[in-house]
There are 2 protein chains.
Amino acid sequence: MKLNTKSRYAVMALADMAIFSDKKAVSLRDISLRQGISLLYLEQIFLRLKKNKIVNSVRGINGGYTFVKSPKELKISDILLALDQKVKTIGCKKDSKKSCNGKSTKCITHNFWDELDLHINSFFENKRLSDLLKNKEVRL
Amino acid sequence: MKLNTKSRYAVMALADMAIFSDKKAVSLRDISLRQGISLLYLEQIFLRLKKNKIVNSVRGINGGYTFVKSPKELKISDILLALDQKVKTIGCKKDSKKSCNGKSTKCITHNFWDELDLHINSFFENKRLSDLLKNKEVRL
DNA sequence: CAAAAACTTGACTATTTTGGTCGGGTATAT
DNA sequence: ATATACCCGACCAAAATAGTCAAGTTTTTG
Ligand code: FES
Ligand code: FES
């Protein structure tokens, strides 16, 4: 069970943005340099963040990205959702009658995985982006 | 973020074993038939469970597998550990000084992932195999 | 206006991981 | 003996991951 880099980078990049959000817009080039993430990869990630209304873009020479919601309101679960990174621990389709092994009743572990799912997602639901920045001095 | 089938099958197979643990040893063939998991795949999984002292094997014609610890004592975390399925949410090496992006200080999201890690693992630590079987009627 | 900075978008790809299978064993109860 | 069941390493196809590339468009500033 592993988190992929896309989600990790997304959270990292947005946290970086939050730190430097005094500026009007934060450019991907700056984030890339500060956080050591490939610019091209960031572009791909922010495309999705934009489509999912996590950020706004400002084009042109002093452009970059700004937050739609403030970091204080932005839930981590929103970010993960934007990247299709919902946690998926059950083997069956959520609303299907079929079980993960093709039988007609839910398997003996179904409820357990479901519980796990809830446990993890509630963590993401209750964390805001601003929570990550507490006790953090700003680094250049 | 997804759980792999190996862990899911392992938990499922062991839960099946727990249900039928009145028998001396439970054969993989039986588990395979009851749970719809490939026999060959189960063999691979139980090899690791055995190496990690989750189960004992009994060879020969009425052979199969038995529990080392009883399902009441067996933690889910033990099972996942046996399959190298520790949850890994941080991008850096746990004890390395290096950060996930190659810099010398831990990245701004490091603490967050670490916290997540703890949150998930405590779930597995606090669940016993026998907990999965509550409110479950035995199915053939 | 021209040029540079920065976002936009779809397609493409190498590598790794996953989810198994195969084949050829060995041990043991009947 | 022989059937049943565990043992174990090697192998493999398909999917996912982690990025890259190319070819734009938009806006600011000199
Ligand atoms: S996980 Fe839902 S039926 Fe097995
Ligand atoms: S996750 Fe540990 S340094 Fe980034």
# chains A, B, ... in the order shown; residues from 1 in each chain; ligands from 1

$ residues_near_ligand --ligand "ligand 1" --cutoff "12 Å" --atoms "only C-alpha atoms (C1' of nucleotides) and all ligand atoms" --output "PDB file with N, CA and C atoms, in the first residue's frame"
ATOM      1  N   LYS A  88      -8.814   3.149  -1.964  1.00  0.00           N
ATOM      2  CA  LYS A  88      -9.675   2.053  -2.377  1.00  0.00           C
ATOM      3  C   LYS A  88      -9.152   0.754  -1.794  1.00  0.00           C
ATOM      4  N   THR A  89      -9.804   0.321  -0.758  1.00  0.00           N
ATOM      5  CA  THR A  89      -9.298  -0.858  -0.077  1.00  0.00           C
ATOM      6  C   THR A  89     -10.149  -2.091  -0.331  1.00  0.00           C
ATOM      7  N   ILE A  90     -11.382  -1.884  -0.760  1.00  0.00           N
ATOM      8  CA  ILE A  90     -12.213  -3.044  -1.034  1.00  0.00           C
ATOM      9  C   ILE A  90     -11.976  -3.539  -2.442  1.00  0.00           C
ATOM     10  N   GLY A  91     -12.190  -4.823  -2.647  1.00  0.00           N
ATOM     11  CA  GLY A  91     -11.916  -5.419  -3.948  1.00  0.00           C
ATOM     12  C   GLY A  91     -13.129  -5.390  -4.854  1.00  0.00           C
ATOM     13  N   CYS A  92     -14.282  -5.156  -4.280  1.00  0.00           N
ATOM     14  CA  CYS A  92     -15.502  -5.194  -5.082  1.00  0.00           C
ATOM     15  C   CYS A  92     -15.950  -3.789  -5.439  1.00  0.00           C
ATOM     16  N   LYS A  93     -16.878  -3.716  -6.363  1.00  0.00           N
ATOM     17  CA  LYS A  93     -17.486  -2.425  -6.678  1.00  0.00           C
ATOM     18  C   LYS A  93     -18.349  -1.995  -5.496  1.00  0.00           C
ATOM     19  N   LYS A  94     -18.226  -0.749  -5.129  1.00  0.00           N
ATOM     20  CA  LYS A  94     -18.899  -0.239  -3.941  1.00  0.00           C
ATOM     21  C   LYS A  94     -20.393  -0.581  -3.908  1.00  0.00           C
ATOM     22  N   ASP A  95     -21.074  -0.347  -5.004  1.00  0.00           N
ATOM     23  CA  ASP A  95     -22.525  -0.484  -4.974  1.00  0.00           C
ATOM     24  C   ASP A  95     -23.028  -1.717  -5.713  1.00  0.00           C
ATOM     25  N   SER A  96     -22.064  -2.512  -6.175  1.00  0.00           N
ATOM     26  CA  SER A  96     -22.469  -3.721  -6.873  1.00  0.00           C
ATOM     27  C   SER A  96     -22.928  -4.776  -5.875  1.00  0.00           C
ATOM     28  N   LYS A  97     -23.822  -5.622  -6.326  1.00  0.00           N
ATOM     29  CA  LYS A  97     -24.269  -6.726  -5.473  1.00  0.00           C
ATOM     30  C   LYS A  97     -23.208  -7.830  -5.436  1.00  0.00           C
ATOM     31  N   LYS A  98     -22.408  -7.867  -6.476  1.00  0.00           N
ATOM     32  CA  LYS A  98     -21.381  -8.903  -6.597  1.00  0.00           C
ATOM     33  C   LYS A  98     -20.260  -8.708  -5.578  1.00  0.00           C
ATOM     34  N   SER A  99     -19.707  -9.791  -5.134  1.00  0.00           N
ATOM     35  CA  SER A  99     -18.581  -9.701  -4.221  1.00  0.00           C
ATOM     36  C   SER A  99     -17.278  -9.650  -5.007  1.00  0.00           C
ATOM     37  N   CYS A 100     -16.177  -9.506  -4.305  1.00  0.00           N
ATOM     38  CA  CYS A 100     -14.886  -9.371  -4.975  1.00  0.00           C
ATOM     39  C   CYS A 100     -14.457 -10.675  -5.627  1.00  0.00           C
ATOM     40  N   ASN A 101     -14.986 -11.796  -5.174  1.00  0.00           N
ATOM     41  CA  ASN A 101     -14.580 -13.061  -5.772  1.00  0.00           C
ATOM     42  C   ASN A 101     -15.653 -13.621  -6.705  1.00  0.00           C
ATOM     43  N   GLY A 102     -16.553 -12.761  -7.112  1.00  0.00           N
ATOM     44  CA  GLY A 102     -17.552 -13.169  -8.096  1.00  0.00           C
ATOM     45  C   GLY A 102     -18.786 -13.843  -7.512  1.00  0.00           C
ATOM     46  N   LYS A 103     -18.787 -14.064  -6.202  1.00  0.00           N
ATOM     47  CA  LYS A 103     -19.962 -14.692  -5.603  1.00  0.00           C
ATOM     48  C   LYS A 103     -21.069 -13.657  -5.394  1.00  0.00           C
ATOM     49  N   SER A 104     -22.199 -14.135  -4.940  1.00  0.00           N
ATOM     50  CA  SER A 104     -23.345 -13.229  -4.887  1.00  0.00           C
ATOM     51  C   SER A 104     -23.463 -12.488  -3.552  1.00  0.00           C
ATOM     52  N   THR A 105     -22.779 -13.010  -2.522  1.00  0.00           N
ATOM     53  CA  THR A 105     -22.819 -12.285  -1.251  1.00  0.00           C
ATOM     54  C   THR A 105     -21.456 -11.654  -0.970  1.00  0.00           C
ATOM     55  N   LYS A 106     -21.469 -10.592  -0.234  1.00  0.00           N
ATOM     56  CA  LYS A 106     -20.233  -9.899   0.108  1.00  0.00           C
ATOM     57  C   LYS A 106     -19.293 -10.853   0.850  1.00  0.00           C
ATOM     58  N   CYS A 107     -18.016 -10.736   0.572  1.00  0.00           N
ATOM     59  CA  CYS A 107     -17.057 -11.663   1.161  1.00  0.00           C
ATOM     60  C   CYS A 107     -16.876 -11.383   2.655  1.00  0.00           C
ATOM     61  N   ILE A 108     -16.216 -12.299   3.358  1.00  0.00           N
ATOM     62  CA  ILE A 108     -16.116 -12.198   4.805  1.00  0.00           C
ATOM     63  C   ILE A 108     -15.274 -11.014   5.281  1.00  0.00           C
ATOM     64  N   THR A 109     -14.478 -10.463   4.388  1.00  0.00           N
ATOM     65  CA  THR A 109     -13.640  -9.344   4.814  1.00  0.00           C
ATOM     66  C   THR A 109     -14.186  -7.986   4.368  1.00  0.00           C
ATOM     67  N   HIS A 110     -15.274  -8.021   3.648  1.00  0.00           N
ATOM     68  CA  HIS A 110     -15.790  -6.776   3.060  1.00  0.00           C
ATOM     69  C   HIS A 110     -15.978  -5.656   4.092  1.00  0.00           C
ATOM     70  N   ASN A 111     -16.653  -5.982   5.167  1.00  0.00           N
ATOM     71  CA  ASN A 111     -16.919  -4.961   6.181  1.00  0.00           C
ATOM     72  C   ASN A 111     -15.644  -4.376   6.767  1.00  0.00           C
ATOM     73  N   PHE A 112     -14.665  -5.242   6.902  1.00  0.00           N
ATOM     74  CA  PHE A 112     -13.388  -4.787   7.446  1.00  0.00           C
ATOM     75  C   PHE A 112     -12.734  -3.737   6.550  1.00  0.00           C
ATOM     76  N   TRP A 113     -12.665  -4.021   5.273  1.00  0.00           N
ATOM     77  CA  TRP A 113     -12.036  -3.074   4.352  1.00  0.00           C
ATOM     78  C   TRP A 113     -12.817  -1.773   4.288  1.00  0.00           C
ATOM     79  N   ASP A 114     -14.101  -1.913   4.406  1.00  0.00           N
ATOM     80  CA  ASP A 114     -14.958  -0.747   4.368  1.00  0.00           C
ATOM     81  C   ASP A 114     -14.664   0.165   5.563  1.00  0.00           C
ATOM     82  N   GLU A 115     -14.485  -0.453   6.690  1.00  0.00           N
ATOM     83  CA  GLU A 115     -14.175   0.268   7.911  1.00  0.00           C
ATOM     84  C   GLU A 115     -12.824   0.986   7.774  1.00  0.00           C
ATOM     85  N   LEU A 116     -11.871   0.264   7.215  1.00  0.00           N
ATOM     86  CA  LEU A 116     -10.540   0.835   6.990  1.00  0.00           C
ATOM     87  C   LEU A 116     -10.627   2.068   6.104  1.00  0.00           C
ATOM     88  N   ASP A 117     -11.383   1.906   5.042  1.00  0.00           N
ATOM     89  CA  ASP A 117     -11.621   2.990   4.110  1.00  0.00           C
ATOM     90  C   ASP A 117     -12.096   4.249   4.824  1.00  0.00           C
TER      91      ASP A 117
ATOM     92  N   LEU B   3      -4.990  -1.003  -1.940  1.00  0.00           N
ATOM     93  CA  LEU B   3      -4.451  -2.172  -1.286  1.00  0.00           C
ATOM     94  C   LEU B   3      -4.292  -3.240  -2.361  1.00  0.00           C
ATOM     95  N   ASN B   4      -3.250  -4.009  -2.301  1.00  0.00           N
ATOM     96  CA  ASN B   4      -3.062  -5.016  -3.339  1.00  0.00           C
ATOM     97  C   ASN B   4      -3.797  -6.311  -3.004  1.00  0.00           C
ATOM     98  N   THR B   5      -3.934  -7.135  -3.998  1.00  0.00           N
ATOM     99  CA  THR B   5      -4.721  -8.353  -3.805  1.00  0.00           C
ATOM    100  C   THR B   5      -4.030  -9.316  -2.856  1.00  0.00           C
ATOM    101  N   SER B   7      -2.464  -8.826  -0.044  1.00  0.00           N
ATOM    102  CA  SER B   7      -2.869  -8.594   1.342  1.00  0.00           C
ATOM    103  C   SER B   7      -4.334  -8.941   1.531  1.00  0.00           C
ATOM    104  N   ARG B   8      -5.135  -8.534   0.569  1.00  0.00           N
ATOM    105  CA  ARG B   8      -6.567  -8.797   0.702  1.00  0.00           C
ATOM    106  C   ARG B   8      -6.826 -10.292   0.768  1.00  0.00           C
ATOM    107  N   TYR B   9      -6.182 -11.023  -0.123  1.00  0.00           N
ATOM    108  CA  TYR B   9      -6.378 -12.468  -0.150  1.00  0.00           C
ATOM    109  C   TYR B   9      -5.853 -13.120   1.119  1.00  0.00           C
ATOM    110  N   VAL B  11      -5.677 -11.877   4.151  1.00  0.00           N
ATOM    111  CA  VAL B  11      -6.617 -11.662   5.249  1.00  0.00           C
ATOM    112  C   VAL B  11      -7.867 -12.515   5.041  1.00  0.00           C
ATOM    113  N   MET B  12      -8.309 -12.555   3.799  1.00  0.00           N
ATOM    114  CA  MET B  12      -9.512 -13.332   3.494  1.00  0.00           C
ATOM    115  C   MET B  12      -9.289 -14.811   3.767  1.00  0.00           C
ATOM    116  N   ALA B  13      -8.157 -15.320   3.341  1.00  0.00           N
ATOM    117  CA  ALA B  13      -7.864 -16.740   3.521  1.00  0.00           C
ATOM    118  C   ALA B  13      -7.725 -17.077   5.000  1.00  0.00           C
ATOM    119  N   GLN B  35     -13.344 -19.572  -1.117  1.00  0.00           N
ATOM    120  CA  GLN B  35     -13.192 -18.124  -1.280  1.00  0.00           C
ATOM    121  C   GLN B  35     -12.946 -17.692  -2.721  1.00  0.00           C
ATOM    122  N   GLY B  36     -12.816 -18.653  -3.601  1.00  0.00           N
ATOM    123  CA  GLY B  36     -12.614 -18.286  -5.002  1.00  0.00           C
ATOM    124  C   GLY B  36     -11.284 -17.617  -5.283  1.00  0.00           C
ATOM    125  N   ILE B  37     -10.272 -18.085  -4.614  1.00  0.00           N
ATOM    126  CA  ILE B  37      -8.926 -17.556  -4.845  1.00  0.00           C
ATOM    127  C   ILE B  37      -8.099 -18.657  -5.509  1.00  0.00           C
TER     128      ILE B  37
END

$ interface_residues --of "chain C" --to "chain B" --cutoff "10 Å" --atoms "only C-alpha atoms (C1' of nucleotides)" --output "PDB file with C-alpha atoms (C1' of nucleotides), in the first residue's frame"
ATOM      1  C1'  DT C  18       1.051  -6.331  -9.825  1.00  0.00           C
ATOM      2  C1'  DG C  19      -1.188 -10.430 -10.169  1.00  0.00           C
ATOM      3  C1'  DG C  20      -0.680 -14.108 -11.150  1.00  0.00           C
ATOM      4  C1'  DT C  21       1.137 -19.091 -13.556  1.00  0.00           C
ATOM      5  C1'  DC C  22       4.426 -23.035 -14.293  1.00  0.00           C
ATOM      6  C1'  DT C  26       9.195 -33.245  -1.053  1.00  0.00           C
ATOM      7  C1'  DA C  27       6.608 -35.226   2.871  1.00  0.00           C
ATOM      8  C1'  DT C  28       3.050 -38.226   4.737  1.00  0.00           C
ATOM      9  C1'  DA C  29      -1.335 -40.862   5.594  1.00  0.00           C
ATOM     10  C1'  DT C  30      -3.685 -44.734   3.998  1.00  0.00           C
TER      11       DT C  30
END

$ closest_residue --among "B:Ile45, B:Leu14, B:Met1, B:Leu28" --to "DA5 of chain D" --atoms "only C-alpha atoms (C1' of nucleotides)"
B:Leu28

$ atom_distance --atom1 "atom CA of Leu42 of chain A" --atom2 "atom C1' of DG19 of chain D"
10.1 Å

$ atom_distance --atom1 "atom CA of Ala10 of chain A" --atom2 "atom CA of Ile120 of chain B"
20.6 Å

$ closest_residue --among "A:Val26, A:Leu133, A:Leu83, A:Ala18" --to "Lys50 of chain A" --atoms "only C-alpha atoms"
A:Leu83

$ atom_distance --atom1 "atom CA of Leu49 of chain B" --atom2 "atom CA of Ala82 of chain B"
5.9 Å

$ closest_residue --among "A:Arg29, A:Asp22, A:Ala15, A:Gly64" --to "chain D" --atoms "only C-alpha atoms (C1' of nucleotides)"
A:Gly64

$ closest_residue --among "D:DG24, D:DA18, D:DG30, D:DC7" --to "chain B" --atoms "only C-alpha atoms (C1' of nucleotides)"
D:DC7

$ select_by_dssp --residues "segment 4-92 of chain A" --states "alpha helix (DSSP H)" --output "MDAnalysis selection string"
chainID A and resid 5:19 28:35 39:51 76:82

$ residues_around --residues "segment 67-80 of chain B" --least-positions-apart "4" --cutoff "8 Å" --atoms "only C-alpha atoms (C1' of nucleotides)" --output "ChimeraX atom specification"
/B:7,10-11,18,49,53-56,84-86,121,124-131

$ select_by_dssp --residues "chain A" --states "strand (DSSP E or B)" --output "MDAnalysis selection string"
chainID A and resid 2 26 55:58 64:67 75 88 128

$ decode --residues "segment 20-38 of chain B" --atoms "N, CA and C atoms" --output "mmCIF file, in the first residue's frame"
data_model
loop_
_atom_site.group_PDB
_atom_site.id
_atom_site.type_symbol
_atom_site.label_atom_id
_atom_site.label_comp_id
_atom_site.auth_asym_id
_atom_site.auth_seq_id
_atom_site.Cartn_x
_atom_site.Cartn_y
_atom_site.Cartn_z
ATOM 1 N N PHE B 20 -13.019 -22.140 10.011
ATOM 2 C CA PHE B 20 -12.987 -23.599 9.943
ATOM 3 C C PHE B 20 -11.876 -24.195 10.804
ATOM 4 N N SER B 21 -11.493 -23.484 11.823
ATOM 5 C CA SER B 21 -10.329 -23.914 12.581
ATOM 6 C C SER B 21 -10.639 -25.034 13.574
ATOM 7 N N ASP B 22 -11.888 -25.501 13.597
ATOM 8 C CA ASP B 22 -12.197 -26.670 14.414
ATOM 9 C C ASP B 22 -11.482 -27.891 13.846
ATOM 10 N N LYS B 23 -11.390 -27.919 12.513
ATOM 11 C CA LYS B 23 -10.624 -28.983 11.872
ATOM 12 C C LYS B 23 -9.166 -28.865 12.275
ATOM 13 N N LYS B 24 -8.465 -29.969 12.224
ATOM 14 C CA LYS B 24 -7.051 -29.949 12.605
ATOM 15 C C LYS B 24 -6.247 -28.982 11.730
ATOM 16 N N ALA B 25 -6.302 -29.189 10.449
ATOM 17 C CA ALA B 25 -5.577 -28.306 9.544
ATOM 18 C C ALA B 25 -6.485 -27.986 8.370
ATOM 19 N N VAL B 26 -6.352 -26.775 7.854
ATOM 20 C CA VAL B 26 -7.188 -26.363 6.731
ATOM 21 C C VAL B 26 -6.325 -26.354 5.475
ATOM 22 N N SER B 27 -6.774 -27.061 4.449
ATOM 23 C CA SER B 27 -5.976 -27.133 3.225
ATOM 24 C C SER B 27 -6.257 -25.946 2.315
ATOM 25 N N LEU B 28 -5.245 -25.600 1.550
ATOM 26 C CA LEU B 28 -5.396 -24.477 0.631
ATOM 27 C C LEU B 28 -6.460 -24.757 -0.417
ATOM 28 N N ARG B 29 -6.582 -26.025 -0.769
ATOM 29 C CA ARG B 29 -7.593 -26.380 -1.765
ATOM 30 C C ARG B 29 -8.986 -25.991 -1.282
ATOM 31 N N ASP B 30 -9.246 -26.269 -0.023
ATOM 32 C CA ASP B 30 -10.545 -25.910 0.544
ATOM 33 C C ASP B 30 -10.762 -24.400 0.557
ATOM 34 N N ILE B 31 -9.740 -23.695 0.982
ATOM 35 C CA ILE B 31 -9.845 -22.229 1.020
ATOM 36 C C ILE B 31 -10.075 -21.701 -0.383
ATOM 37 N N SER B 32 -9.308 -22.243 -1.307
ATOM 38 C CA SER B 32 -9.419 -21.826 -2.698
ATOM 39 C C SER B 32 -10.852 -21.983 -3.208
ATOM 40 N N LEU B 33 -11.439 -23.146 -2.905
ATOM 41 C CA LEU B 33 -12.795 -23.408 -3.376
ATOM 42 C C LEU B 33 -13.810 -22.508 -2.689
ATOM 43 N N ARG B 34 -13.671 -22.353 -1.395
ATOM 44 C CA ARG B 34 -14.646 -21.556 -0.647
ATOM 45 C C ARG B 34 -14.562 -20.079 -0.983
ATOM 46 N N GLN B 35 -13.344 -19.572 -1.117
ATOM 47 C CA GLN B 35 -13.192 -18.124 -1.280
ATOM 48 C C GLN B 35 -12.946 -17.692 -2.721
ATOM 49 N N GLY B 36 -12.816 -18.653 -3.601
ATOM 50 C CA GLY B 36 -12.614 -18.286 -5.002
ATOM 51 C C GLY B 36 -11.284 -17.617 -5.283
ATOM 52 N N ILE B 37 -10.272 -18.085 -4.614
ATOM 53 C CA ILE B 37 -8.926 -17.556 -4.845
ATOM 54 C C ILE B 37 -8.099 -18.657 -5.509
ATOM 55 N N SER B 38 -7.295 -18.293 -6.491
ATOM 56 C CA SER B 38 -6.460 -19.263 -7.194
ATOM 57 C C SER B 38 -5.568 -20.034 -6.222
#
